[in-house]
Amino acid sequence: MTARSLPALLSRDSRPNMFDLAALLCMLGLAVLLASAGRHMLAPVTAPNAAVIHLDPAWLPGYAVRTTLRMFAALGASLLFTFTYAVWAAKSRRAALILVPVLDVLQSVPILGFLTFTVVFFMGLFPGRILGAELAAIFTIFTSQAWNMAFSMYQSLRAVPPDLEEVARGFGLTAWQKFWRLDVPFAVPGLVWNAMVSMSGGWFMVVYSETITVGNTDILLPGIGSYVGTAIAQRDLWAVLYAILAMLVVILAYDQLLFRPLVAWSARFGTASSDSTPASDPWMLVLLRRTALLRRVTDAIGEGLTAIGGLPLGRRPHEARQRHALPPRLLDLGWSALLAVASLLALWQVWLYARATFSLSELLHVVGLGGLTLLRVVAMVLLASLVWVPAGIWLGLDPVRARRTQFVAQFMAAFPANLFFPIFVVLIVHFRLSSDIWLTPLMILGTQWYILFNVVAAASSFPADLLEVARSLQVRGPLWWLRVALPGILPHYITGAITASGGAWNAAIAAEVASWGDDHLSAHGLGAYIAHATVAGDTAHVGLGMTVMAMFVLLFNRAVWRPLADYARRHFAFV
Amino acid sequence: MTLSPPLQVADDEDLIRVVGCRQAYHKGGAADLVVLDDVNLTLRSGEIVGLLGRSGSGKSTLLRIVAGLLPPTEGSILWKGRPVAGPVPGIAMVFQSFALFPWLTVQKNVELGLEAKGIAAAERDRLAEGAIDLIGLGGYENAYPKELSGGMRQRVGLARALVVQPDLLLMDEPFSALDVLTAENLRTDLIELWAERRLPVKSMLLVTHNIEEAVLMCDRILVFSSNPGRVAHELAVPFAHPRNREDPAFRQLVDQIYALMTRRAPIVSEAELPLGETPPQPAAPVQIALPDLPMNTMVGMMETLAADPLDGRADLPLLASRLQMALDDLFPLGESLQLLEFAELEDGDILLTAEGSRFVQSSHDERRQILWHSLLHNVPLVRVIRAVLDERPNHRASAERFREELEDSMSPDYAKQTLQTLIGWARYAELFDYDEDADQLFLDDETE
């Protein structure tokens, strides 16, 4: 279905039309689903059908909806977090001193490790109800999205063009009005893009978090993830395949119905007119724009929101700032001192706790495990690069191939790779392969696509005249790769490799242990350490593992990726 | 200035021969888009030949065909008597955009072609050093392209092409991305080296849309017509280097080319055509491609023409220098005014018509009326659009449909630009409006 096949006659006619009927039916269906899912959420854990997952494929659509709902609940929470935390950090210089580094660290913490703490916390909050487990799962997804989105928002808010700021000030917009009229529209494209990328990671998390086992608490939340979990326990390969199929449909629908329209819509907020806009609008956006009743409804909502954004709340720029009793420098100094004292106290507490709980040999052991996992991550990123860089360049230099590859790579990146794990595990179990080696590729299964995706993007935007120069000078073979192709894609490739390695660290917790029925596989590494501690409900060791992993990720980013990215940006970007 | 025979007649050797070259892009269903049609060209050593034409006349395409970067749809290219199938070692090219590799230093950029030939490092170094010094880049060897100004970057481009000691140097609008002073400086340097026979090339082929540049540099000029690109005229430039722009003979030749290029349709008499060929059919009544030209610019042009020193008539070369407009800005402007019958181009002059004068003297509302009638009368597509919109009960129509209609006679990019321009004009006349969100043309209450 293309944009062209919708008759233009339909639009601007305010009478409801057949597209409205279709849209209305869809909405009714959605409402019914939402209501039933909500009823389940409040059910007690002991309710008869709460913990039983049926492997009959007829149940799959319902599970898929539950999984999707969790995703969107988390997206809502992430938006709320973004619009508070990031805005606070952007507007207050002093708050930013602590908020931004915290965000940076949170970004590096392995998300799956949070599960242990959140399950205990939320189950304690709603004892005996599914809601507690639901919230824990949603929180896990939230952690995979929120940091990323908040960072994007923070950076956009800091980069609002000064001339637009001046216009806003000149017209005397209040703080509230300026926020909605200038700051938010400016941040929308980045926010939408980051939300899309984080959603991709979110699918992985949602599948993982639906089968939570923390110590004695063992809960199955109805969803695609738990369906696969049950299939693994019962050694049902067909059920795994059904689940993969269902997930394909869900992600295709989410991509076509939600994100393509959103990205196209957000393009209008781009300030630069030269942005590469897609040739035609996604069909869903065209449908929305041309459906009379829907258009009126969305127009009304839009107008309402616009009115709220225009409320004269907050201070006007010409009203004098409140005078502080103390000079700002002294306040800064006091604030920094406060932060320093708080940090030292925290460090002292951690030290006391660690000394009482862990021995030095254990610490060294965990760091050693971290080294093993680091080795795996590096090896996998290198391996994936070896395959996807040449392939990506070849695919990207042809526009038709590039477009197709982009679509597939984007799709594969969004697809939760952990659904494919059982297939690998079956093979490993069957051929009795070493799990230390053969479980490793699972880490990169989902995130390798970021490398392909970025390399294809770089190759397809490679300046045509540089390629012509190379042909005209008859630069071929190794010289062509070394002097022309590889340097040209380097900045994009590094972006992709950073994303891929970050994802691989995260996936380590899910990938270094695996099971098929009663066969349990485990590799030696930090991911397996955290996974085992989680199952045992051993929060202290989960905490230790997470901290060490976060340190590894942070150090690796600071010492390797960032300098590399800076260097590539300075030397290899097209002027 | 004395008339002199072309330079370096002694070694009169055919370097490249283009015979019956045709380049067409296949489009699904509709007729092929012909970019070049039946182009013949012979390049001898010792001459600088200019390909002069408007953007879209296929001259850059021809250059790429000669370079072996693009195979022609029909026809043959012979390099020193042998057919060309891919880039040839004896041909080097200089690009409008410089096309330097940002990750290589000046030295490494220049050495790239030598490296591809497998020349040893020491020899590479020596040759590159020579080319860099020749072109006036000494001292910049270790700079990265982004550290250089546009003029210096193009010098790197030249050095990179010259270092492989090509017999033929191809230049694709090499000075058009530079400012006026820098471009002139580089042009004179290059011509000086050529006249002193210090350039290691036997011949140069220059693509340009700047008439004065062509007359200043070339020994022979091929004037291209557009849609499809054909060689409309061939002129010899009988002046010795260095040439003086203020020389009356120079000015006269420039004027003559202006006149040739503003002639309504290039008249090709059958006698000029090779035997057995029919003269090209007059183009079907299709929509011509319109430039990206806002109505305000056209109004400004008409007002300037009507105002005092010009009084309704101006010499195009003079107008170009007076308004600081390049040929590629001025011709589309003049032709669009001609299309709307507000002005006429004649013998290198532009003159305002009676309708044009009336437009200038009118109030904004009357101007709107005049343009309204002119658009409906002179632009068939506007007539069609308006008829469709009037007929529809909701007065809306998809813009895509008209874009597709345009694509029958032009490339998708030009179709997009043409419709965009027409929308701008129609909005000025309040003839119809455009809804960007829905990509639809419509009549609102005022235009109905």
# chains A, B, ... in the order shown; residues from 1 in each chain; ligands from 1
$ interface_residues --of "chain A" --to "chain B" --cutoff "6 Å" --atoms "only C-alpha atoms" --output "mmCIF file with C-alpha atoms, in the first residue's frame"
data_model
loop_
_atom_site.group_PDB
_atom_site.id
_atom_site.type_symbol
_atom_site.label_atom_id
_atom_site.label_comp_id
_atom_site.auth_asym_id
_atom_site.auth_seq_id
_atom_site.Cartn_x
_atom_site.Cartn_y
_atom_site.Cartn_z
ATOM 1 C CA ALA A 8 -7.369 12.442 -2.503
ATOM 2 C CA ASP A 465 32.597 12.572 -6.918
ATOM 3 C CA LEU A 466 35.134 11.010 -4.550
ATOM 4 C CA SER A 472 39.343 7.955 -12.767
ATOM 5 C CA LEU A 473 42.727 7.511 -11.052
ATOM 6 C CA VAL A 475 42.514 3.198 -7.601
ATOM 7 C CA HIS A 571 40.002 13.373 10.504
ATOM 8 C CA PHE A 572 37.533 11.351 8.533
#
$ residues_around --residues "Ala531 in chain A" --least-positions-apart "4" --cutoff "9 Å" --atoms "only C-alpha atoms" --output "list in words"
Leu112, Gly113, Ile509, Ala510, Glu512, Val513, Leu526, Gly527, Val535, Ala536 and Val542 of chain A
$ select_by_dssp --residues "range 192-258 of chain B" --states "strand (DSSP E)" --output "mmCIF file with N, CA and C atoms, in the first residue's frame"
data_model
loop_
_atom_site.group_PDB
_atom_site.id
_atom_site.type_symbol
_atom_site.label_atom_id
_atom_site.label_comp_id
_atom_site.auth_asym_id
_atom_site.auth_seq_id
_atom_site.Cartn_x
_atom_site.Cartn_y
_atom_site.Cartn_z
ATOM 1 N N SER B 203 46.277 18.394 -24.116
ATOM 2 C CA SER B 203 45.024 19.051 -24.471
ATOM 3 C C SER B 203 44.146 19.161 -23.230
ATOM 4 N N MET B 204 43.225 20.140 -23.267
ATOM 5 C CA MET B 204 42.313 20.286 -22.136
ATOM 6 C C MET B 204 40.888 20.409 -22.655
ATOM 7 N N LEU B 205 39.952 19.789 -21.915
ATOM 8 C CA LEU B 205 38.536 19.892 -22.241
ATOM 9 C C LEU B 205 37.854 20.488 -21.018
ATOM 10 N N LEU B 206 37.212 21.635 -21.228
ATOM 11 C CA LEU B 206 36.686 22.414 -20.102
ATOM 12 C C LEU B 206 35.171 22.531 -20.215
ATOM 13 N N VAL B 207 34.473 22.113 -19.177
ATOM 14 C CA VAL B 207 33.027 22.321 -19.135
ATOM 15 C C VAL B 207 32.755 23.597 -18.368
ATOM 16 N N THR B 208 31.940 24.471 -18.929
ATOM 17 C CA THR B 208 31.675 25.721 -18.231
ATOM 18 C C THR B 208 30.299 26.242 -18.607
ATOM 19 N N ARG B 220 38.595 26.568 -28.939
ATOM 20 C CA ARG B 220 37.412 26.154 -29.661
ATOM 21 C C ARG B 220 36.292 26.016 -28.641
ATOM 22 N N ILE B 221 35.093 26.481 -29.015
ATOM 23 C CA ILE B 221 33.974 26.396 -28.074
ATOM 24 C C ILE B 221 32.821 25.649 -28.738
ATOM 25 N N LEU B 222 32.308 24.626 -28.056
ATOM 26 C CA LEU B 222 31.110 23.948 -28.526
ATOM 27 C C LEU B 222 29.953 24.430 -27.663
ATOM 28 N N VAL B 223 28.973 25.069 -28.296
ATOM 29 C CA VAL B 223 27.825 25.566 -27.546
ATOM 30 C C VAL B 223 26.748 24.487 -27.571
ATOM 31 N N PHE B 224 26.301 24.085 -26.380
ATOM 32 C CA PHE B 224 25.300 23.020 -26.266
ATOM 33 C C PHE B 224 23.905 23.611 -26.159
ATOM 34 N N SER B 225 22.952 22.947 -26.760
ATOM 35 C CA SER B 225 21.558 23.298 -26.526
ATOM 36 C C SER B 225 21.007 22.287 -25.521
ATOM 37 N N ARG B 230 22.647 18.827 -27.290
ATOM 38 C CA ARG B 230 23.227 18.649 -28.633
ATOM 39 C C ARG B 230 24.263 19.732 -28.805
ATOM 40 N N VAL B 231 25.192 19.498 -29.718
ATOM 41 C CA VAL B 231 26.120 20.572 -30.055
ATOM 42 C C VAL B 231 25.402 21.488 -31.036
ATOM 43 N N ALA B 232 25.054 22.687 -30.582
ATOM 44 C CA ALA B 232 24.274 23.585 -31.425
ATOM 45 C C ALA B 232 25.187 24.422 -32.320
ATOM 46 N N HIS B 233 26.339 24.815 -31.801
ATOM 47 C CA HIS B 233 27.255 25.667 -32.564
ATOM 48 C C HIS B 233 28.676 25.306 -32.211
ATOM 49 N N GLU B 234 29.553 25.587 -33.149
ATOM 50 C CA GLU B 234 30.965 25.413 -32.863
ATOM 51 C C GLU B 234 31.686 26.674 -33.313
ATOM 52 N N LEU B 235 32.479 27.251 -32.413
ATOM 53 C CA LEU B 235 33.172 28.496 -32.744
ATOM 54 C C LEU B 235 34.659 28.357 -32.455
ATOM 55 N N ALA B 236 35.480 28.939 -33.322
ATOM 56 C CA ALA B 236 36.909 29.006 -33.049
ATOM 57 C C ALA B 236 37.198 30.335 -32.372
#
$ residues_around --residues "Asp14 in chain B" --least-positions-apart "4" --cutoff "9 Å" --atoms "only C-alpha atoms" --output "list in words"
Thr42, Leu43, Arg44, Ser45, Trp79, Lys80 and Gly81 of chain B
$ residues_around --residues "Leu162 in chain B" --least-positions-apart "3" --cutoff "10 Å" --atoms "only C-alpha atoms" --output "ChimeraX atom specification"
/B:91-94,110,113,127-128,130-132,134-135,156-159,165-169,199-201
$ residues_around --residues "range 387-402 of chain A" --least-positions-apart "4" --cutoff "7 Å" --atoms "only C-alpha atoms" --output "count of residues only"
9
$ select_by_dssp --residues "range 199-271 of chain A" --states "alpha helix (DSSP H)" --output "PyMOL selection string"
chain A and resi 199-209+224-233+237-253+260-266
$ residues_around --residues "Thr353 in chain B" --least-positions-apart "3" --cutoff "12 Å" --atoms "only C-alpha atoms" --output "list in words"
Met302, Leu305, Ala306, Asp311, Gly312, Arg313, Leu337, Gln338, Leu339, Leu340, Glu341, Phe342, Ala343, Glu344, Leu345, Glu346, Ile350, Gly356, Ser357, Arg358, Phe359 and Val360 of chain B
$ write_last_selection --atoms "C-alpha atoms" --output "compact mmCIF listing (two decimals), in the first residue's frame"
# COMPACT_ATOMS: atom_id res chain seq x y z
CA MET B 302 11.20 43.54 -14.38
CA LEU B 305 14.55 46.62 -16.52
CA ALA B 306 11.79 49.20 -16.53
CA ASP B 311 14.24 51.82 -19.91
CA GLY B 312 13.00 48.41 -20.90
CA ARG B 313 16.00 47.01 -22.78
CA LEU B 337 9.92 36.08 -18.21
CA GLN B 338 9.77 35.17 -21.86
CA LEU B 339 7.54 32.18 -21.09
CA LEU B 340 5.11 34.46 -19.30
CA GLU B 341 5.39 36.95 -22.18
CA PHE B 342 6.63 39.67 -19.86
CA ALA B 343 9.97 40.00 -21.67
CA GLU B 344 11.73 38.85 -24.82
CA LEU B 345 15.26 37.70 -25.44
CA GLU B 346 16.76 38.88 -28.68
CA ILE B 350 16.46 41.34 -22.97
CA GLY B 356 5.66 43.43 -18.74
CA SER B 357 5.63 47.21 -18.57
CA ARG B 358 1.97 47.18 -17.59
CA PHE B 359 2.81 44.68 -14.81
CA VAL B 360 5.52 46.94 -13.43
$ closest_residue --among "A:Arg376, A:Arg181, A:His541, A:His492" --to "Tyr353 in chain A" --atoms "only C-alpha atoms"
A:His541
$ residues_around --residues "Glu246 in chain B" --least-positions-apart "4" --cutoff "12 Å" --atoms "only C-alpha atoms" --output "PyMOL selection string"
chain B and resi 1+212+216+250-254
